[in-house]
Amino acid sequence: MSDTVLDVKGLSVTFELHDREVRAVTDMNFSLKAGETLAVVGESGSGKSQAFLSIMGLLARNGRATGSAKLAGTELVGMNPRDLDEIRGRDIAMIFQDPMTSLNPYMRISEQMVEVLERHKRMKPAEALERARTMLETVRLPDAKRVIRAYPHELSGGQRQRVMIAMALLCEPKVLIADEPTTALDVTVQAQMLKLFEELTDTFDTALVMITHDLGVVAGLADQMMVMYAGRAVEKGNVDELFYSPRHPYTLGLLHSTPRVENKRGRLDPVAGLPPNLTHLPPGCAFNPRCAFKTDQCVKERPALIPRTDGRVTACFHDDAVKEKEKVA
Amino acid sequence: MINYVLRRILAALPIAFIAITLCFIVMRAAPGGPFDRERPLPPAVMQNVLAHYNLDKPLWEQYWIYVSGVLQGDFGPSMTSYDFSVSQLLAIGLPFTLMLGMIAFVLATAVGIIAGIIAAVKQNQWPDYILVFAVMIGVIIPNFLMAALLQLGIGVHLGWLPAGGWPGFSIPHLIMPVLVLSWPHAARISRLMRGSMIEVLGTNYIRTAKSKGIGERLILARHAVKPALIPVVSYLGPGLSYLLTGSLVVEQVFGLPGIGRYFINAALNRDYGLVLGTTIFYVILILILNLLVDIVYAWIDPKVRYR
Amino acid sequence: MPGLTGKDATLSAYADKLEQLDAPKGRSLTQDALRRLSKNKAAMVSIFVLAAIILIAFVGPYFVPWGVGEVDWTSIRKPPDFEKGHFLGTDQNGRDLLARLLQGTQMSLTVAAVATIVSVFIGVVYGAVAGYFGGRVDAVMMRFVDIMYALPYILFVIILVVIFGRSPILLFIGIGALEWLTMARIVRGQTLSLKEREFIEAARAGGAKPFTIIMRHIVPNLTGPVVIYATLTIPEIILTESFLSYIGLGVQEPLTSLGTLISNGGPVAEVMPWLLIFPAIVLVTMLLCLTYIGDGLRDALDPKDR
């Protein structure tokens with residue numbers, strides 16, 4: 001139970017543009033145990049998706065990953081695509097944001113699911129089809145027999161996302177990465193979907209990475225949480241700790257921009273300012289232009305991720321002030 | 001699926017009918033009959049000639065005779081080759097034109113699709129650059145010029161291949177005509193295929209397929225090629241009619257015994273009967289082939305099938 | 001010839017975009033495209049070369065030592081000869097090739113320009129009428145366009161030429177009369193979206209006649225598509241004209257065009273290669289430039305394919 005299944009150290013992702021390089025992710029570190037759920041939170045452009053696409057070997061042509069990401073001891077960064085194909089879909093799987101476009105519109109659901117089992121489990125077509133159908137039932141698709149013969153355009157968004165989940169779980173992967181899996185869905189469907197994730201990670205003992213910008217998604221589901229800003233983790237730790245006592249001003253800002261029962265002031269505060277442009281990051285702490293706690297030090301140097309007493313890490317010079325402010329509020 | 005095919009056939013029929021009617025109207029509306037000469041024929045002879053071609057009957061009756069003829073495979077008389085009907089001339093030239101056209105069409109489509117896939121996968125590497133160059137030549141050099149240049153260079157100066165003529169079935173005599181006919185077609189197909197393949201390879205569902213680890217070859221063969229073919233398939237219809245009209249000039253330049261020679265001569269001699277008969281024949285042929293294209297289209301795209 | 005430059009696909013995509021935008025934004029979409037085009041080196045060089053060819057074709061004849069029909073009995077079938085002023089040689093009849101080449105280029109360009117104008121005119125009127133009246137009129141008119149798309153258009157040009165004789169004017173009109181389909185589609189789409197807008201409503205409420213509304217309010221909004229359409233159509237028409245001239249149905253002696261010159265040069269190219277080579281160079285250069293300009297426009301309109 002305590003085996004580390006995914007161990008990421010110093011992971012960076014850079015993109016080669018025609019005249020310069022852009023760093024989308026810088027020095028990401030975390031480790032994940034079987035059955036555990038990690039929430040990765042940040043605004044769009046914070047590098048959260050690119051980090052995990054790089055682990056899956058799905059970066060765009062001009063992207064390059066450095067550092068290390070070990071899946072049950074096997075190094076994934078820099079692995080050649082052919083070897084990676086042995087692992088992708090079997091030990092690590094990914095679910096994408098937009099279920100409407102993530103399934104091949106020209107192939108039946110059955111074909112798209114069966115090929116995974118044929119590839120990784122060497123199953124015969126009939127056996128694979130049966131397994132695919134069972135898995136559709138496992139993700140609570142009531143009409144599995146019809147769905148499996150359908151083309152994607154005959155299904156609703158929620159149905160398609162369930163198909164995506166079923167497809168990702170076919171080989172019972174050690175790690176499942178879900179990139180904003182509920183963003184494109186209706187609110188009611190969202191809730192069902194989150195419940196499904198919770199059940200499934202228990203059933204299969206799968207470690208789950210939930211990438212999201214919505215803290216509401218994180219609360220009930222995740223064990224750990226990592227907050228990302230401008231390609232770097234700014235705070236990481238136990239979900240409950242981070243929720244009840246944020247130490248980074250950006251985490252604080254995100255919490256205040258999410259509706260919560262205990263938000264005593266009764267109004268929402270979006271984080272002021274615009275998300276950063278990765279090609280022109282401000283000097284020092286990347287968050288300083290939008291930060292209420294900003295001092296000269298924040299412009300001069302970049303704060304390191306420093307372990308705090310309760311086991312979290314935070315990258316801020318003024319974490320105590322942030323803590324105090326949250327208490328007052 | 002059967003429903004869909006039937007509907008396509010029903011949609012094609014009025015087009016054929018309108019084309020035949022248009023041709024008939026144009027033919028009859030033309031200033032001056034085909035037998036107006038500088039020295040007029042004697043009235044009695046003229047009367048006989050007109051009767052022979054049914055030109056003395058009322059217009060609607062002429063129309064009816066023509067349409068029912070076409071339906072029975074009779075495309076009317078030739079006005080200059082008095083001994084032959086259009087159908088007879090077509091029967092002489094057609095087998096060759098169809099053979100040449102089909103060889104070029106199949107070859108060019110296959111080469112174009114494969115070249116397009118390779119160029120898309122090796123985007124901005126040397127296979128891609130070679131293709132861009134070959135496509136450019138195919139698109140900008142008109143077929144008659146290409147034919148003349150090849151004839152001069154390979155046929156006359158180098159003497160590698162016969163410069164023209166048709167001694168009976170002979171592959172060396174076919175190489176240059178097929179090359180001239182298929183090059184522009186293959187060029188356009190490969191350009192379309194490359195573009196749509198690049199687009200497809202960037203889609204989310206290809207990313208999903210990659211994340212499943214099924215391997216590059218299966219991704220291309222099973223996930224990418226079919227959707228990428230859609231724009232190519234919709235070009236096949238116009239591409240084919242372009243290729244067939246191109247064969248007119250290729251047959252002329254290389255002295256090959258197809259329809260092209262008759263057609264161009266008929267056009268130069270103002271032989272309405274033959275020109276229109278041939279045109280109607282081409283229209284029907286192209287409609288039939290478009291129908292086949294539609295069926296292929298439906299086979300590829302499930303959304304079309306159920307519409 | 002349809003599909004030559006991928007015109008229909010390019011323009012249809014462009015028209016789809018235009019339909020989704022309001023008219024003023026549609027105009028800036030065109031401006032954006034032109035700005036991107038001006039950064040495309042191949043396209044800009046092509047525009048320059050093409051402009052030079054046009055200029056030389058129309059001004060050149062005044063500086064050439066020999067006239068078009070003038071026969072030099074002392075040099076018949078001669079290769080380029082600078083002393084006598086036959087810079088590109090002479091043909092079988094002792095006529096100066098350079099003079100004839102300039103005249104032929106002029107003719108090809110004129111046919112292309114006039115035929116394009118004719119096709120734009122027919123396309124705009126047809127599309128605007130279909131789009132403005134909508135409903136059943138629109139359905140029937142557009143069905144006809146679909147039918148025309150399916151037919152081998154070069155054969156119809158040949159029929160027209162056969163029936164109405166081989167004068168250049170008929171050639172202009174005949175080609176133009178058959179090349180308007182795509183233009184009609186675009187104009188129809190634009191008209192459909194424009195006619196719902198307030199200023200058209202206002203004009204209609206003010207009692208303006210349909211024709212006035214179309215001409216005054218809809219046509220001026222079409223400048224962008226027309227420019228692009230024309231650029232992509234001209235090479236097709238040049239090719240069609242040279243094809244017809246090559247098989248002997250186009251421009252007739254004593255007038256000449258690039259197609260006619262190549263047609264005459266082809267059979268004798270073994271002994272007098274210059275008669276084929278020089279016209280071929282001019283034709284291919286023009287088509288190459290127009291293709292680069294067309295490609296540049298396509299990329300400028302649809303920058304995602306980088």
# chains A, B, ... in the order shown; residues from 1 in each chain; ligands from 1
>>> interface_residues(of="chain B", to="chain C", cutoff="6 Å", atoms="only C-alpha atoms", output="PyMOL selection string")
chain B and resi 30+140+148+241+267+270
>>> interface_residues(of="chain B", to="chain A", cutoff="6 Å", atoms="only C-alpha atoms", output="PyMOL selection string")
chain B and resi 204-205+211-213+215
>>> select_by_dssp(residues="stretch 72-200 of chain A", states="strand (DSSP E)", output="MDAnalysis selection string")
chainID A and resid 74:75 92:95 175:179
>>> write_last_selection(atoms="N, CA, C and O atoms", output="tab-separated table (two decimals), in the first residue's frame")
chain	number	residue	atom	x	y	z
A	74	THR	N	10.59	2.73	-13.34
A	74	THR	CA	11.01	2.88	-14.74
A	74	THR	C	11.04	4.36	-15.12
A	74	THR	O	10.05	5.07	-14.94
A	75	GLU	N	12.18	4.80	-15.66
A	75	GLU	CA	12.32	6.20	-16.03
A	75	GLU	C	11.53	6.48	-17.32
A	75	GLU	O	11.73	5.83	-18.34
A	92	ILE	N	0.10	3.41	-17.17
A	92	ILE	CA	-0.26	4.80	-16.91
A	92	ILE	C	-1.22	5.24	-18.01
A	92	ILE	O	-1.00	4.96	-19.18
A	93	ALA	N	-2.31	5.86	-17.62
A	93	ALA	CA	-3.31	6.26	-18.62
A	93	ALA	C	-3.74	7.69	-18.36
A	93	ALA	O	-3.53	8.21	-17.26
A	94	MET	N	-4.32	8.30	-19.37
A	94	MET	CA	-4.68	9.70	-19.23
A	94	MET	C	-6.09	9.95	-19.79
A	94	MET	O	-6.49	9.36	-20.79
A	95	ILE	N	-6.80	10.83	-19.12
A	95	ILE	CA	-8.13	11.26	-19.58
A	95	ILE	C	-8.05	12.74	-19.87
A	95	ILE	O	-7.46	13.49	-19.09
A	175	VAL	N	-1.24	4.33	-12.53
A	175	VAL	CA	-1.47	5.77	-12.39
A	175	VAL	C	-2.46	6.21	-13.45
A	175	VAL	O	-2.36	5.84	-14.62
A	176	LEU	N	-3.42	7.01	-13.01
A	176	LEU	CA	-4.38	7.59	-13.95
A	176	LEU	C	-4.28	9.11	-13.85
A	176	LEU	O	-4.36	9.68	-12.75
A	177	ILE	N	-4.05	9.75	-14.99
A	177	ILE	CA	-3.96	11.20	-15.00
A	177	ILE	C	-5.24	11.75	-15.62
A	177	ILE	O	-5.60	11.37	-16.73
A	178	ALA	N	-5.94	12.60	-14.89
A	178	ALA	CA	-7.17	13.17	-15.42
A	178	ALA	C	-6.97	14.68	-15.57
A	178	ALA	O	-6.80	15.38	-14.59
A	179	ASP	N	-6.96	15.12	-16.85
A	179	ASP	CA	-6.70	16.54	-17.13
A	179	ASP	C	-8.04	17.27	-17.26
A	179	ASP	O	-8.69	17.19	-18.29
>>> residues_around(residues="A:Leu71", least_positions_apart="3", cutoff="10 Å", atoms="only C-alpha atoms", output="list of chain:residue names")
A:Thr4, A:Val5, A:Leu6, A:Asp7, A:Val8, A:Ser31, A:Leu32, A:Ile55, A:Ser68, A:Thr74, A:Glu75, A:Leu76, A:Ile87, A:Asp91, A:Ile92, A:Lys174, A:Val175
>>> residues_around(residues="A:Pro282", least_positions_apart="4", cutoff="12 Å", atoms="only C-alpha atoms", output="list of chain:residue names")
A:Ala230, A:Pro275, A:Pro276, A:Asn277, A:Leu278, A:Ala286, A:Phe287, A:Asn288, A:Pro289, A:Arg290, A:Cys298, A:Val299, A:Lys300, A:Glu301, A:Arg302
>>> select_by_dssp(residues="stretch 51-124 of chain C", states="alpha helix (DSSP H)", output="PyMOL selection string")
chain C and resi 51-59+97-124
>>> residues_around(residues="stretch 164-178 of chain B", least_positions_apart="4", cutoff="9 Å", atoms="only C-alpha atoms", output="compact mmCIF listing (two decimals) with N, CA, C and O atoms, in the first residue's frame")
# COMPACT_ATOMS: atom_id res chain seq x y z
N LEU B 100 -6.51 4.37 -70.40
CA LEU B 100 -5.51 5.38 -70.06
C LEU B 100 -5.92 6.17 -68.82
O LEU B 100 -5.15 6.35 -67.88
N GLY B 101 -7.20 6.61 -68.84
CA GLY B 101 -7.70 7.42 -67.73
C GLY B 101 -7.66 6.66 -66.42
O GLY B 101 -7.22 7.17 -65.39
N ILE B 103 -5.85 3.94 -65.58
CA ILE B 103 -4.49 3.67 -65.11
C ILE B 103 -3.94 4.92 -64.42
O ILE B 103 -3.44 4.87 -63.30
N ALA B 104 -4.08 6.07 -65.10
CA ALA B 104 -3.53 7.31 -64.54
C ALA B 104 -4.22 7.67 -63.24
O ALA B 104 -3.58 8.07 -62.27
N PHE B 105 -5.54 7.50 -63.20
CA PHE B 105 -6.32 7.89 -62.03
C PHE B 105 -5.95 7.05 -60.81
O PHE B 105 -5.66 7.57 -59.73
N LEU B 107 -3.29 5.12 -60.37
CA LEU B 107 -1.88 5.31 -60.02
C LEU B 107 -1.68 6.63 -59.27
O LEU B 107 -1.06 6.68 -58.21
N ALA B 147 3.65 17.50 -71.72
CA ALA B 147 3.68 16.47 -72.76
C ALA B 147 4.71 16.82 -73.83
O ALA B 147 5.53 15.98 -74.22
N LEU B 150 8.34 16.48 -72.40
CA LEU B 150 8.76 15.09 -72.21
C LEU B 150 9.01 14.41 -73.56
O LEU B 150 9.98 13.68 -73.75
N GLN B 151 8.11 14.68 -74.49
CA GLN B 151 8.23 14.10 -75.83
C GLN B 151 9.57 14.50 -76.44
O GLN B 151 10.30 13.67 -76.98
N ILE B 154 12.71 13.17 -73.47
CA ILE B 154 12.89 11.73 -73.28
C ILE B 154 12.65 10.97 -74.59
O ILE B 154 13.37 10.02 -74.91
N GLY B 155 11.65 11.42 -75.35
CA GLY B 155 11.31 10.68 -76.56
C GLY B 155 12.29 10.93 -77.70
O GLY B 155 12.82 10.00 -78.29
N SER B 182 -1.08 11.80 -64.88
CA SER B 182 -1.23 11.54 -63.45
C SER B 182 -0.47 12.55 -62.58
O SER B 182 -0.84 12.76 -61.44
N TRP B 183 0.57 13.15 -63.12
CA TRP B 183 1.38 14.04 -62.29
C TRP B 183 0.57 15.15 -61.61
O TRP B 183 0.60 15.29 -60.38
N SER B 247 -6.97 14.17 -70.75
CA SER B 247 -6.59 13.10 -71.66
C SER B 247 -6.86 13.48 -73.11
O SER B 247 -6.26 12.94 -74.02
N VAL B 250 -3.58 14.99 -74.14
CA VAL B 250 -2.49 14.01 -74.09
C VAL B 250 -2.60 13.03 -75.26
O VAL B 250 -1.60 12.71 -75.92
N GLU B 251 -3.81 12.59 -75.54
CA GLU B 251 -4.00 11.69 -76.69
C GLU B 251 -3.59 12.39 -77.98
O GLU B 251 -2.98 11.78 -78.86
N VAL B 253 -1.35 14.92 -78.33
CA VAL B 253 0.09 15.14 -78.43
C VAL B 253 0.82 13.83 -78.74
O VAL B 253 1.72 13.80 -79.58
N PHE B 254 0.43 12.76 -78.08
CA PHE B 254 1.15 11.51 -78.27
C PHE B 254 0.56 10.63 -79.37
O PHE B 254 1.01 9.51 -79.57
N GLY B 255 -0.44 11.14 -80.07
CA GLY B 255 -1.03 10.39 -81.17
C GLY B 255 -1.62 9.06 -80.74
O GLY B 255 -1.32 8.00 -81.30
N LEU B 256 -2.49 9.10 -79.73
CA LEU B 256 -3.07 7.87 -79.21
C LEU B 256 -4.52 7.75 -79.65
O LEU B 256 -5.22 8.76 -79.80
N PRO B 257 -5.00 6.52 -79.87
CA PRO B 257 -6.31 6.31 -80.49
C PRO B 257 -7.48 6.35 -79.51
O PRO B 257 -8.25 5.41 -79.43
>>> residues_around(residues="C:Pro254", least_positions_apart="6", cutoff="10 Å", atoms="only C-alpha atoms", output="ChimeraX atom specification")
/C:68-69,100
>>> write_last_selection(atoms="N, CA and C atoms", output="compact mmCIF listing (two decimals), in the first residue's frame")
# COMPACT_ATOMS: atom_id res chain seq x y z
N VAL C 68 4.70 43.12 -84.87
CA VAL C 68 4.15 41.78 -84.66
C VAL C 68 4.01 41.01 -85.98
N GLY C 69 3.42 41.68 -86.98
CA GLY C 69 3.14 40.97 -88.23
C GLY C 69 4.25 41.13 -89.25
N ARG C 100 6.07 38.79 -81.05
CA ARG C 100 4.89 37.95 -80.94
C ARG C 100 4.67 37.48 -79.50
>>> decode(residues="stretch 185-222 of chain B", atoms="N, CA and C atoms", output="CSV table (one decimal), in the first residue's frame")
chain,number,residue,atom,x,y,z
B,185,HIS,N,-2.6,15.4,-61.1
B,185,HIS,CA,-3.6,14.8,-60.2
B,185,HIS,C,-2.9,14.3,-58.9
B,186,ALA,N,-1.8,13.6,-59.0
B,186,ALA,CA,-1.1,13.1,-57.9
B,186,ALA,C,-0.6,14.3,-57.0
B,187,ALA,N,-0.2,15.3,-57.7
B,187,ALA,CA,0.3,16.5,-57.0
B,187,ALA,C,-0.8,17.1,-56.1
B,188,ARG,N,-1.9,17.3,-56.7
B,188,ARG,CA,-3.0,17.9,-55.9
B,188,ARG,C,-3.5,17.0,-54.8
B,189,ILE,N,-3.6,15.7,-55.1
B,189,ILE,CA,-4.0,14.8,-54.0
B,189,ILE,C,-3.0,14.7,-52.9
B,190,SER,N,-1.7,14.7,-53.2
B,190,SER,CA,-0.8,14.6,-52.1
B,190,SER,C,-0.8,15.9,-51.3
B,191,ARG,N,-1.0,17.0,-52.0
B,191,ARG,CA,-1.1,18.3,-51.2
B,191,ARG,C,-2.2,18.3,-50.3
B,192,LEU,N,-3.4,17.9,-50.8
B,192,LEU,CA,-4.6,17.8,-49.9
B,192,LEU,C,-4.3,16.8,-48.8
B,193,MET,N,-3.8,15.6,-49.1
B,193,MET,CA,-3.6,14.6,-48.1
B,193,MET,C,-2.6,15.0,-47.1
B,194,ARG,N,-1.5,15.7,-47.5
B,194,ARG,CA,-0.5,16.2,-46.5
B,194,ARG,C,-1.2,17.1,-45.6
B,195,GLY,N,-1.9,18.1,-46.1
B,195,GLY,CA,-2.6,19.1,-45.3
B,195,GLY,C,-3.6,18.5,-44.3
B,196,SER,N,-4.4,17.6,-44.8
B,196,SER,CA,-5.4,17.1,-43.9
B,196,SER,C,-4.8,16.1,-42.9
B,197,MET,N,-3.8,15.4,-43.3
B,197,MET,CA,-3.1,14.5,-42.4
B,197,MET,C,-2.5,15.3,-41.3
B,198,ILE,N,-1.8,16.4,-41.6
B,198,ILE,CA,-1.2,17.2,-40.5
B,198,ILE,C,-2.3,17.7,-39.6
B,199,GLU,N,-3.4,18.1,-40.1
B,199,GLU,CA,-4.5,18.5,-39.3
B,199,GLU,C,-5.0,17.4,-38.4
B,200,VAL,N,-5.2,16.2,-39.0
B,200,VAL,CA,-5.7,15.1,-38.2
B,200,VAL,C,-4.7,14.7,-37.1
B,201,LEU,N,-3.4,14.7,-37.5
B,201,LEU,CA,-2.4,14.3,-36.5
B,201,LEU,C,-2.3,15.2,-35.3
B,202,GLY,N,-2.8,16.4,-35.5
B,202,GLY,CA,-2.9,17.4,-34.3
B,202,GLY,C,-4.1,17.3,-33.5
B,203,THR,N,-5.1,16.4,-33.9
B,203,THR,CA,-6.4,16.5,-33.2
B,203,THR,C,-6.2,15.8,-31.8
B,204,ASN,N,-7.3,16.0,-31.0
B,204,ASN,CA,-7.3,15.4,-29.7
B,204,ASN,C,-7.4,13.9,-29.7
B,205,TYR,N,-8.2,13.4,-30.7
B,205,TYR,CA,-8.4,12.0,-30.7
B,205,TYR,C,-7.1,11.2,-31.1
B,206,ILE,N,-6.2,11.8,-31.8
B,206,ILE,CA,-4.9,11.2,-32.1
B,206,ILE,C,-4.1,11.2,-30.8
B,207,ARG,N,-4.2,12.3,-30.1
B,207,ARG,CA,-3.5,12.3,-28.8
B,207,ARG,C,-4.0,11.2,-27.9
B,208,THR,N,-5.3,11.0,-27.9
B,208,THR,CA,-5.8,9.9,-27.1
B,208,THR,C,-5.2,8.6,-27.5
B,209,ALA,N,-5.2,8.4,-28.8
B,209,ALA,CA,-4.7,7.1,-29.4
B,209,ALA,C,-3.2,6.9,-28.9
B,210,LYS,N,-2.5,8.0,-29.0
B,210,LYS,CA,-1.1,7.9,-28.5
B,210,LYS,C,-1.0,7.5,-27.1
B,211,SER,N,-1.9,8.1,-26.3
B,211,SER,CA,-1.8,7.9,-24.8
B,211,SER,C,-2.2,6.4,-24.5
B,212,LYS,N,-2.8,5.7,-25.5
B,212,LYS,CA,-3.2,4.3,-25.3
B,212,LYS,C,-2.0,3.4,-25.6
B,213,GLY,N,-1.0,4.0,-26.2
B,213,GLY,CA,0.2,3.2,-26.5
B,213,GLY,C,0.1,2.1,-27.6
B,214,ILE,N,-0.8,2.4,-28.5
B,214,ILE,CA,-1.0,1.4,-29.6
B,214,ILE,C,0.0,1.4,-30.7
B,215,GLY,N,0.9,2.4,-30.6
B,215,GLY,CA,2.0,2.4,-31.5
B,215,GLY,C,1.7,3.2,-32.8
B,216,GLU,N,2.8,3.8,-33.3
B,216,GLU,CA,2.6,4.8,-34.4
B,216,GLU,C,2.0,4.2,-35.6
B,217,ARG,N,2.4,2.9,-36.0
B,217,ARG,CA,1.8,2.3,-37.2
B,217,ARG,C,0.3,2.2,-37.1
B,218,LEU,N,-0.2,1.7,-36.0
B,218,LEU,CA,-1.6,1.5,-35.9
B,218,LEU,C,-2.3,2.9,-35.8
B,219,ILE,N,-1.7,3.8,-35.2
B,219,ILE,CA,-2.3,5.2,-35.1
B,219,ILE,C,-2.5,5.7,-36.5
B,220,LEU,N,-1.5,5.6,-37.3
B,220,LEU,CA,-1.6,6.1,-38.7
B,220,LEU,C,-2.7,5.3,-39.5
B,221,ALA,N,-2.5,4.0,-39.5
B,221,ALA,CA,-3.4,3.1,-40.3
B,221,ALA,C,-4.8,3.1,-39.8
B,222,ARG,N,-5.0,3.1,-38.5
B,222,ARG,CA,-6.4,2.9,-38.1
B,222,ARG,C,-7.1,4.2,-37.7
